[in-house]
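Novice: My structure file coords25.pdb, PDB, C-alpha atoms, is below:
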ATOM      1  CA  MET A 166      15.910 -43.081 -79.884
ATOM      2  CA  ASP A 167      13.638 -45.218 -77.800
ATOM      3  CA  SER A 168      12.972 -44.779 -74.063
ATOM      4  CA  ILE A 169      15.419 -47.496 -72.962
ATOM      5  CA  ASN A 170      18.310 -45.856 -74.794
ATOM      6  CA  ARG A 171      17.282 -42.397 -73.501
ATOM      7  CA  ASN A 172      17.558 -43.754 -69.935
ATOM      8  CA  GLN A 173      21.172 -44.831 -70.424
ATOM      9  CA  ALA A 174      23.603 -43.172 -68.076
ATOM     10  CA  GLU A 175      26.444 -43.427 -70.589
ATOM     11  CA  PRO A 176      26.647 -43.292 -74.403
ATOM     12  CA  ASN A 177      25.674 -46.549 -76.075
ATOM     13  CA  ARG A 178      25.962 -45.681 -79.758
ATOM     14  CA  LEU A 179      29.107 -45.697 -81.886
ATOM     15  CA  ASP A 180      28.904 -45.702 -85.689
ATOM     16  CA  LEU A 181      32.076 -46.942 -87.374
ATOM     17  CA  SER A 182      33.428 -46.499 -90.890
ATOM     18  CA  GLY A 183      36.493 -47.392 -92.911
ATOM     19  CA  PRO A 184      39.300 -49.161 -91.011
ATOM     20  CA  GLN A 185      37.361 -49.067 -87.709
ATOM     21  CA  ALA A 186      34.384 -50.819 -89.335
ATOM     22  CA  VAL A 187      36.694 -53.444 -90.875
ATOM     23  CA  GLN A 188      38.380 -54.038 -87.506
ATOM     24  CA  ARG A 189      35.031 -54.496 -85.723
ATOM     25  CA  LEU A 190      33.872 -56.872 -88.479
ATOM     26  CA  ARG A 191      37.103 -58.895 -88.334
ATOM     27  CA  GLU A 192      36.982 -59.260 -84.542
ATOM     28  CA  MET A 193      33.313 -60.215 -84.375
ATOM     29  CA  ALA A 194      33.416 -62.631 -87.329
ATOM     30  CA  LYS A 195      36.568 -64.324 -85.996
ATOM     31  CA  ASP A 196      35.032 -64.840 -82.565
ATOM     32  CA  ALA A 197      31.714 -66.064 -83.974
ATOM     33  CA  ASP A 198      33.474 -68.391 -86.471
ATOM     34  CA  SER A 199      30.223 -69.053 -88.343
ATOM     35  CA  CYS A 200      27.166 -67.163 -89.470
ATOM     36  CA  PHE A 201      23.817 -67.489 -91.142
ATOM     37  CA  PHE A 202      24.551 -66.862 -94.814
ATOM     38  CA  VAL A 203      21.399 -65.631 -96.568
ATOM     39  CA  THR A 204      21.014 -65.381-100.326
ATOM     40  CA  ASP A 205      18.204 -63.772-102.269
ATOM     41  CA  GLY A 206      15.817 -65.980-104.173
ATOM     42  CA  GLY A 207      16.373 -69.208-102.251
ATOM     43  CA  LEU A 208      16.061 -72.264-104.493
ATOM     44  CA  GLY A 209      16.156 -75.064-101.930
ATOM     45  CA  PRO A 210      13.993 -75.960 -98.955
ATOM     46  CA  ASN A 211      16.035 -73.670 -96.658
ATOM     47  CA  ARG A 212      14.747 -70.590 -98.571
ATOM     48  CA  GLY A 213      18.270 -69.234 -98.999
ATOM     49  CA  VAL A 214      19.302 -69.443 -95.323
ATOM     50  CA  ARG A 215      22.119 -71.700 -94.149
ATOM     51  CA  PRO A 216      24.906 -71.753 -91.548
ATOM     52  CA  MET A 217      28.374 -71.242 -92.985
ATOM     53  CA  SER A 218      31.840 -71.297 -91.482
ATOM     54  CA  VAL A 219      33.922 -68.203 -92.181
ATOM     55  CA  ARG A 220      37.300 -69.313 -93.504
ATOM     56  CA  GLU A 221      38.870 -65.839 -93.361
ATOM     57  CA  VAL A 222      38.215 -62.125 -93.062
ATOM     58  CA  ASP A 223      41.035 -60.460 -94.968
ATOM     59  CA  GLU A 224      42.655 -57.076 -94.329
ATOM     60  CA  ALA A 225      40.148 -55.353 -96.639
ATOM     61  CA  GLY A 226      37.233 -56.813 -94.652
ATOM     62  CA  HIS A 227      36.224 -59.311 -97.345
ATOM     63  CA  LEU A 228      34.734 -62.483 -95.887
ATOM     64  CA  TRP A 229      35.763 -65.804 -97.437
ATOM     65  CA  PHE A 230      33.845 -69.084 -97.470
ATOM     66  CA  LEU A 231      34.166 -72.411 -99.296
ATOM     67  CA  SER A 232      31.226 -73.955-101.114
ATOM     68  CA  ALA A 233      30.348 -76.660-103.630
ATOM     69  CA  ASN A 234      29.951 -75.475-107.207
ATOM     70  CA  ASP A 235      26.687 -77.439-107.550
ATOM     71  CA  SER A 236      25.044 -76.020-104.409
ATOM     72  CA  HIS A 237      21.842 -73.993-104.305
ATOM     73  CA  LYS A 238      23.893 -71.245-102.686
ATOM     74  CA  ASN A 239      26.223 -70.911-105.667
ATOM     75  CA  ALA A 240      23.297 -70.879-108.105
ATOM     76  CA  GLU A 241      21.551 -68.204-106.020
ATOM     77  CA  ILE A 242      24.709 -66.051-105.904
ATOM     78  CA  ALA A 243      25.177 -66.391-109.680
ATOM     79  CA  ALA A 244      21.607 -65.155-110.195
ATOM     80  CA  GLN A 245      21.544 -62.473-107.468
ATOM     81  CA  PRO A 246      24.842 -61.620-105.741
ATOM     82  CA  GLY A 247      23.355 -59.653-102.827
ATOM     83  CA  VAL A 248      23.720 -61.494 -99.483
ATOM     84  CA  LYS A 249      23.124 -60.908 -95.786
ATOM     85  CA  LEU A 250      25.275 -62.432 -93.053
ATOM     86  CA  TYR A 251      24.130 -62.761 -89.425
ATOM     87  CA  PHE A 252      26.706 -63.441 -86.694
ATOM     88  CA  GLN A 253      26.389 -64.149 -82.969
ATOM     89  CA  GLN A 254      29.563 -64.263 -80.862
ATOM     90  CA  GLY A 255      28.036 -65.451 -77.611
ATOM     91  CA  ALA A 256      24.761 -66.195 -75.895
ATOM     92  CA  HIS A 257      24.201 -62.614 -74.709
ATOM     93  CA  SER A 258      26.429 -60.320 -76.784
ATOM     94  CA  GLY A 259      28.229 -59.824 -80.044
ATOM     95  CA  PHE A 260      25.546 -59.624 -82.724
ATOM     96  CA  LEU A 261      26.370 -58.471 -86.231
ATOM     97  CA  GLU A 262      24.391 -58.069 -89.453
ATOM     98  CA  VAL A 263      26.222 -57.431 -92.730
ATOM     99  CA  ASP A 264      24.882 -56.653 -96.219
ATOM    100  CA  GLY A 265      27.294 -57.546 -98.975
ATOM    101  CA  HIS A 266      27.988 -58.527-102.544
ATOM    102  CA  ALA A 267      29.068 -62.153-103.089
ATOM    103  CA  GLU A 268      31.392 -63.377-105.822
ATOM    104  CA  LEU A 269      32.203 -66.951-106.797
ATOM    105  CA  VAL A 270      35.963 -67.538-107.041
ATOM    106  CA  THR A 271      37.556 -70.597-108.665
ATOM    107  CA  ASP A 272      41.230 -69.692-108.141
ATOM    108  CA  ARG A 273      42.839 -72.955-106.929
ATOM    109  CA  ARG A 274      45.625 -71.094-105.109
ATOM    110  CA  ARG A 275      43.094 -69.087-103.089
ATOM    111  CA  ILE A 276      41.057 -72.209-102.355
ATOM    112  CA  GLY A 277      44.268 -73.857-101.093
ATOM    113  CA  GLU A 278      44.894 -70.920 -98.735
ATOM    114  CA  LEU A 279      41.394 -71.328 -97.280
ATOM    115  CA  TRP A 280      41.568 -75.122 -97.057
ATOM    116  CA  ASN A 281      41.445 -77.039 -93.775
ATOM    117  CA  PHE A 282      41.700 -80.831 -93.517
ATOM    118  CA  MET A 283      38.350 -81.022 -91.667
ATOM    119  CA  LEU A 284      36.607 -79.765 -94.822
ATOM    120  CA  LYS A 285      37.271 -83.181 -96.353
ATOM    121  CA  THR A 286      33.999 -84.191 -94.658
ATOM    122  CA  TRP A 287      32.169 -82.255 -97.398
ATOM    123  CA  PHE A 288      34.811 -82.233-100.122
ATOM    124  CA  THR A 289      35.748 -85.915-100.073
ATOM    125  CA  GLU A 290      38.488 -85.610-102.694
ATOM    126  CA  GLY A 291      40.342 -83.173-100.447
ATOM    127  CA  GLU A 292      41.813 -79.827-101.346
ATOM    128  CA  ASP A 293      41.846 -80.725-105.042
ATOM    129  CA  ASP A 294      38.143 -81.667-105.135
ATOM    130  CA  PRO A 295      36.919 -80.107-108.403
ATOM    131  CA  ARG A 296      33.618 -79.081-106.788
ATOM    132  CA  ILE A 297      35.216 -76.556-104.396
ATOM    133  CA  THR A 298      34.657 -72.878-105.026
ATOM    134  CA  ALA A 299      35.462 -69.948-102.809
ATOM    135  CA  ILE A 300      32.921 -67.247-102.082
ATOM    136  CA  ARG A 301      34.150 -63.729-101.385
ATOM    137  CA  VAL A 302      31.646 -61.418 -99.720
ATOM    138  CA  ILE A 303      32.468 -57.749-100.062
ATOM    139  CA  PRO A 304      30.640 -55.965 -97.239
ATOM    140  CA  ARG A 305      28.715 -52.818 -98.044
ATOM    141  CA  HIS A 306      27.264 -51.879 -94.666
ATOM    142  CA  GLY A 307      26.152 -53.464 -91.441
ATOM    143  CA  TYR A 308      24.946 -53.031 -87.890
ATOM    144  CA  TYR A 309      26.343 -54.399 -84.630
ATOM    145  CA  TRP A 310      25.152 -54.842 -81.047
ATOM    146  CA  ASP A 311      27.676 -55.694 -78.327
ATOM    147  CA  ASN A 312      28.748 -54.792 -74.816
ATOM    148  CA  LYS A 313      31.583 -52.439 -73.966
ATOM    149  CA  HIS A 314      33.334 -54.226 -71.126
ATOM    150  CA  GLY A 315      32.701 -57.948 -71.572
ATOM    151  CA  ASP A 316      29.931 -60.262 -70.457
ATOM    152  CA  ALA A 317      30.869 -60.260 -66.742
ATOM    153  CA  VAL A 318      30.714 -56.459 -66.405
ATOM    154  CA  ALA A 319      27.554 -56.300 -68.545
ATOM    155  CA  GLY A 320      25.883 -58.935 -66.349
ATOM    156  CA  ALA A 321      26.899 -57.138 -63.153
ATOM    157  CA  LYS A 322      25.520 -53.840 -64.469
ATOM    158  CA  VAL A 323      22.183 -55.490 -65.284
ATOM    159  CA  VAL A 324      21.944 -56.929 -61.757
ATOM    160  CA  VAL A 325      22.873 -53.625 -60.092
ATOM    161  CA  GLY A 326      20.497 -51.748 -62.401
ATOM    162  CA  ALA A 327      17.649 -54.112 -61.479
ATOM    163  CA  VAL A 328      18.320 -53.628 -57.747
ATOM    164  CA  LEU A 329      18.503 -49.837 -58.090
ATOM    165  CA  GLY A 330      15.720 -49.532 -60.661
ATOM    166  CA  LYS A 331      18.080 -47.743 -63.085
ATOM    167  CA  THR A 332      19.137 -48.503 -66.636
ATOM    168  CA  LEU A 333      22.776 -49.557 -66.299
ATOM    169  CA  ASP A 334      23.054 -51.470 -69.547
ATOM    170  CA  ASP A 335      26.620 -51.909 -70.856
ATOM    171  CA  SER A 336      25.558 -52.163 -74.489
ATOM    172  CA  ILE A 337      27.038 -50.490 -77.530
ATOM    173  CA  GLU A 338      25.596 -50.510 -81.031
ATOM    174  CA  GLY A 339      26.018 -48.771 -84.315
ATOM    175  CA  THR A 340      26.274 -48.830 -88.071
ATOM    176  CA  LEU A 341      29.246 -50.145 -90.016
ATOM    177  CA  SER A 342      30.131 -48.384 -93.277
ATOM    178  CA  PHE A 343      32.793 -49.959 -95.502
TER     179      PHE A 343
END
Can you present the structure in this file as structure tokens?

Specialist:
Amino acid sequence: MDSINRNQAEPNRLDLSGPQAVQRLREMAKDADSCFFVTDGGLGPNRGVRPMSVREVDEAGHLWFLSANDSHKNAEIAAQPGVKLYFQQGAHSGFLEVDGHAELVTDRRRIGELWNFMLKTWFTEGEDDPRITAIRVIPRHGYYWDNKHGDAVAGAKVVVGAVLGKTLDDSIEGTLSF
């Protein structure tokens, strides 16, 4: 590890797998509410990067989004289903990167479960708009950076560490394996 991590007074690494990885993903994605959704081979001017609202993270850890069937994103997923998702919970903590496999889903029942009235801004015909598709992202692996005891404790430790000239960072990071 690097010199900053070697100077930590307490452990700051925790790799998670299986149900623990899913739980961490669910908590962080729920709190962040949205992410940068990155597809390979971007077709539009955004080069495959766009903000997306997470509609749900199910019990298996699959992330669900809604999208228009004629979007660049859907075309990119159809051509290359590998995606990366980047989340940020707050200004100073809760960062998450996820690699996954995206699938386009046209099941009207599932779309109805993910529907929210505010989405009518984009899907003007409402829940039955024929352009709506769901995207399921099945995570493969990821990496997270967070703090252990909340932003207030993390901030206090940074201040005390600066006064004492010691590394008192409250961070935790690690891999996620699904």

Novice: Can you work out which one of A:Ser258, A:Gln245, A:Ser336, A:Thr286 has the shortest atom-to-atom distance to Val203 of chain A, counting only C-alpha atoms?

Specialist: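 Of A:Ser258, A:Gln245, A:Ser336, A:Thr286, the one nearest Val203 of chain A, counting only C-alpha atoms, is A:Gln245.
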
Novice: Provide the atom CA of Val248 of chain A to atom CA of Thr204 of chain A distance in Å, to one decimal place.

Specialist: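 Rounded to one decimal, the two atoms are 4.8 Å apart.
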
Novice: Would you translate the PyMOL selection byres ((chain A and resi 338) around 10) into the concrete set of residues it matches in this file, as an MDAnalysis selection string?

Specialist: chainID A and resid 176:181 259:261 308:313 336:337 339:341

Novice: Taking all listed atoms of segment 202-208 of chain A, build the axis-aligned box, pad each of the six sides by 4 Å, then write its centre and edge lengths in Å to one decimal as AutoDock Vina command-line options.

Specialist:
--center_x 20.2 --center_y -68.0 --center_z -99.7 --size_x 16.7 --size_y 16.5 --size_z 17.7

Novice: Grab the atom CA of Glu221 of chain A to atom CA of Gln188 of chain A distance for me, in Å with one decimal place.

Specialist: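 Taking atom CA of Glu221 of chain A and atom CA of Gln188 of chain A, their separation equals 13.2 Å.
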
Novice: Between atom CA of Asp198 of chain A and atom CA of His266 of chain A, what distance in Å does the model show, to one decimal?

Specialist: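 Taking atom CA of Asp198 of chain A and atom CA of His266 of chain A, their separation equals 19.6 Å.
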
Novice: I need the output of the PyMOL selection byres ((chain A and resi 186) around 9) for this file as an mmCIF file with C-alpha atoms, keeping the file's coordinate frame; which residues are they?

Specialist:
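Printed below is selection-v8.cif as written:
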data_model
loop_
_atom_site.group_PDB
_atom_site.id
_atom_site.type_symbol
_atom_site.label_atom_id
_atom_site.label_comp_id
_atom_site.auth_asym_id
_atom_site.auth_seq_id
_atom_site.Cartn_x
_atom_site.Cartn_y
_atom_site.Cartn_z
ATOM 1 C CA ASP A 180 28.904 -45.702 -85.689
ATOM 2 C CA LEU A 181 32.076 -46.942 -87.374
ATOM 3 C CA SER A 182 33.428 -46.499 -90.890
ATOM 4 C CA GLY A 183 36.493 -47.392 -92.911
ATOM 5 C CA PRO A 184 39.300 -49.161 -91.011
ATOM 6 C CA GLN A 185 37.361 -49.067 -87.709
ATOM 7 C CA VAL A 187 36.694 -53.444 -90.875
ATOM 8 C CA GLN A 188 38.380 -54.038 -87.506
ATOM 9 C CA ARG A 189 35.031 -54.496 -85.723
ATOM 10 C CA LEU A 190 33.872 -56.872 -88.479
ATOM 11 C CA ARG A 191 37.103 -58.895 -88.334
ATOM 12 C CA GLY A 226 37.233 -56.813 -94.652
ATOM 13 C CA HIS A 306 27.264 -51.879 -94.666
ATOM 14 C CA GLY A 307 26.152 -53.464 -91.441
ATOM 15 C CA THR A 340 26.274 -48.830 -88.071
ATOM 16 C CA LEU A 341 29.246 -50.145 -90.016
ATOM 17 C CA SER A 342 30.131 -48.384 -93.277
ATOM 18 C CA PHE A 343 32.793 -49.959 -95.502
#

Novice: Using all atoms listed in the file for the distances, tell me which of A:Val219, A:Leu250, A:Ala243, A:Asn234 is nearest to Leu279 of chain A.

Specialist: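 Once distances to Leu279 of chain A are computed over all atoms listed in the file, the minimum belongs to A:Val219.
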
Novice: Give as a list in words the residues that the PyMOL selection byres ((chain A and resi 301) around 7) matches when applied to the coordinates above.

Specialist: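 Taken over the shown coordinates, the PyMOL selection byres ((chain A and resi 301) around 7) returns His227, Leu228, Trp229, Phe230, Ala267, Glu268, Leu269, Ala299, Ile300, Val302 and Ile303 of chain A.
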
Novice: Counting all atoms listed in the file, find residues at most 7 Å from (44.1, -80.7, -98.3) (file frame) and give them as a list in words.

Specialist: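 Those residues lying close to the given coordinates are Trp280, Asn281, Phe282, Gly291 and Glu292 of chain A.
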
Novice: Any chance you could model N, CA and C atoms for segment 253-285 of chain A and send them as a short mmCIF file (atom, residue, chain, number, x, y, z; two decimals), keeping the file's coordinate frame?

Specialist:
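Once written, out.cif looks like this:
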data_model
loop_
_atom_site.label_atom_id
_atom_site.label_comp_id
_atom_site.auth_asym_id
_atom_site.auth_seq_id
_atom_site.Cartn_x
_atom_site.Cartn_y
_atom_site.Cartn_z
N GLN A 253 26.62 -64.24 -84.41
CA GLN A 253 26.39 -64.15 -82.97
C GLN A 253 27.63 -64.71 -82.28
N GLN A 254 28.34 -63.85 -81.54
CA GLN A 254 29.56 -64.26 -80.86
C GLN A 254 29.28 -65.13 -79.65
N GLY A 255 28.33 -64.74 -78.85
CA GLY A 255 28.04 -65.45 -77.61
C GLY A 255 26.55 -65.46 -77.35
N ALA A 256 26.18 -66.06 -76.22
CA ALA A 256 24.76 -66.19 -75.90
C ALA A 256 24.08 -64.85 -75.64
N HIS A 257 24.84 -63.87 -75.13
CA HIS A 257 24.20 -62.61 -74.71
C HIS A 257 24.80 -61.36 -75.34
N SER A 258 25.79 -61.51 -76.21
CA SER A 258 26.43 -60.32 -76.78
C SER A 258 27.08 -60.68 -78.12
N GLY A 259 27.51 -59.64 -78.81
CA GLY A 259 28.23 -59.82 -80.04
C GLY A 259 27.36 -60.22 -81.22
N PHE A 260 26.43 -59.37 -81.59
CA PHE A 260 25.55 -59.62 -82.72
C PHE A 260 25.94 -58.70 -83.87
N LEU A 261 25.92 -59.23 -85.07
CA LEU A 261 26.37 -58.47 -86.23
C LEU A 261 25.55 -58.86 -87.45
N GLU A 262 25.11 -57.86 -88.19
CA GLU A 262 24.39 -58.07 -89.45
C GLU A 262 25.17 -57.33 -90.53
N VAL A 263 25.44 -58.02 -91.65
CA VAL A 263 26.22 -57.43 -92.73
C VAL A 263 25.49 -57.64 -94.06
N ASP A 264 25.36 -56.57 -94.84
CA ASP A 264 24.88 -56.65 -96.22
C ASP A 264 26.11 -56.64 -97.11
N GLY A 265 26.13 -57.52 -98.11
CA GLY A 265 27.29 -57.55 -98.98
C GLY A 265 26.99 -58.05 -100.36
N HIS A 266 28.03 -58.06 -101.16
CA HIS A 266 27.99 -58.53 -102.54
C HIS A 266 28.88 -59.77 -102.62
N ALA A 267 28.32 -60.90 -103.03
CA ALA A 267 29.07 -62.15 -103.09
C ALA A 267 29.57 -62.42 -104.50
N GLU A 268 30.78 -62.99 -104.55
CA GLU A 268 31.39 -63.38 -105.82
C GLU A 268 31.88 -64.81 -105.70
N LEU A 269 31.70 -65.58 -106.74
CA LEU A 269 32.20 -66.95 -106.80
C LEU A 269 33.62 -66.91 -107.36
N VAL A 270 34.55 -67.57 -106.68
CA VAL A 270 35.96 -67.54 -107.04
C VAL A 270 36.44 -68.97 -107.25
N THR A 271 37.08 -69.24 -108.37
CA THR A 271 37.56 -70.60 -108.66
C THR A 271 39.08 -70.71 -108.64
N ASP A 272 39.77 -69.70 -108.21
CA ASP A 272 41.23 -69.69 -108.14
C ASP A 272 41.71 -70.79 -107.19
N ARG A 273 42.39 -71.81 -107.72
CA ARG A 273 42.84 -72.96 -106.93
C ARG A 273 43.84 -72.55 -105.85
N ARG A 274 44.67 -71.56 -106.12
CA ARG A 274 45.62 -71.09 -105.11
C ARG A 274 44.88 -70.52 -103.91
N ARG A 275 43.87 -69.70 -104.18
CA ARG A 275 43.09 -69.09 -103.09
C ARG A 275 42.33 -70.16 -102.31
N ILE A 276 41.76 -71.11 -103.02
CA ILE A 276 41.06 -72.21 -102.36
C ILE A 276 42.02 -72.96 -101.44
N GLY A 277 43.25 -73.19 -101.92
CA GLY A 277 44.27 -73.86 -101.09
C GLY A 277 44.60 -73.08 -99.82
N GLU A 278 44.62 -71.76 -99.92
CA GLU A 278 44.89 -70.92 -98.74
C GLU A 278 43.77 -71.02 -97.71
N LEU A 279 42.56 -71.25 -98.17
CA LEU A 279 41.39 -71.33 -97.28
C LEU A 279 41.14 -72.76 -96.78
N TRP A 280 41.81 -73.71 -97.34
CA TRP A 280 41.57 -75.12 -97.06
C TRP A 280 41.95 -75.49 -95.63
N ASN A 281 41.17 -76.42 -95.07
CA ASN A 281 41.44 -77.04 -93.78
C ASN A 281 41.09 -78.51 -93.92
N PHE A 282 41.91 -79.40 -93.37
CA PHE A 282 41.70 -80.83 -93.52
C PHE A 282 40.28 -81.26 -93.13
N MET A 283 39.69 -80.63 -92.12
CA MET A 283 38.35 -81.02 -91.67
C MET A 283 37.29 -80.81 -92.75
N LEU A 284 37.56 -79.99 -93.72
CA LEU A 284 36.61 -79.76 -94.82
C LEU A 284 36.46 -80.99 -95.72
N LYS A 285 37.35 -81.96 -95.55
CA LYS A 285 37.27 -83.18 -96.35
C LYS A 285 35.97 -83.94 -96.07
#
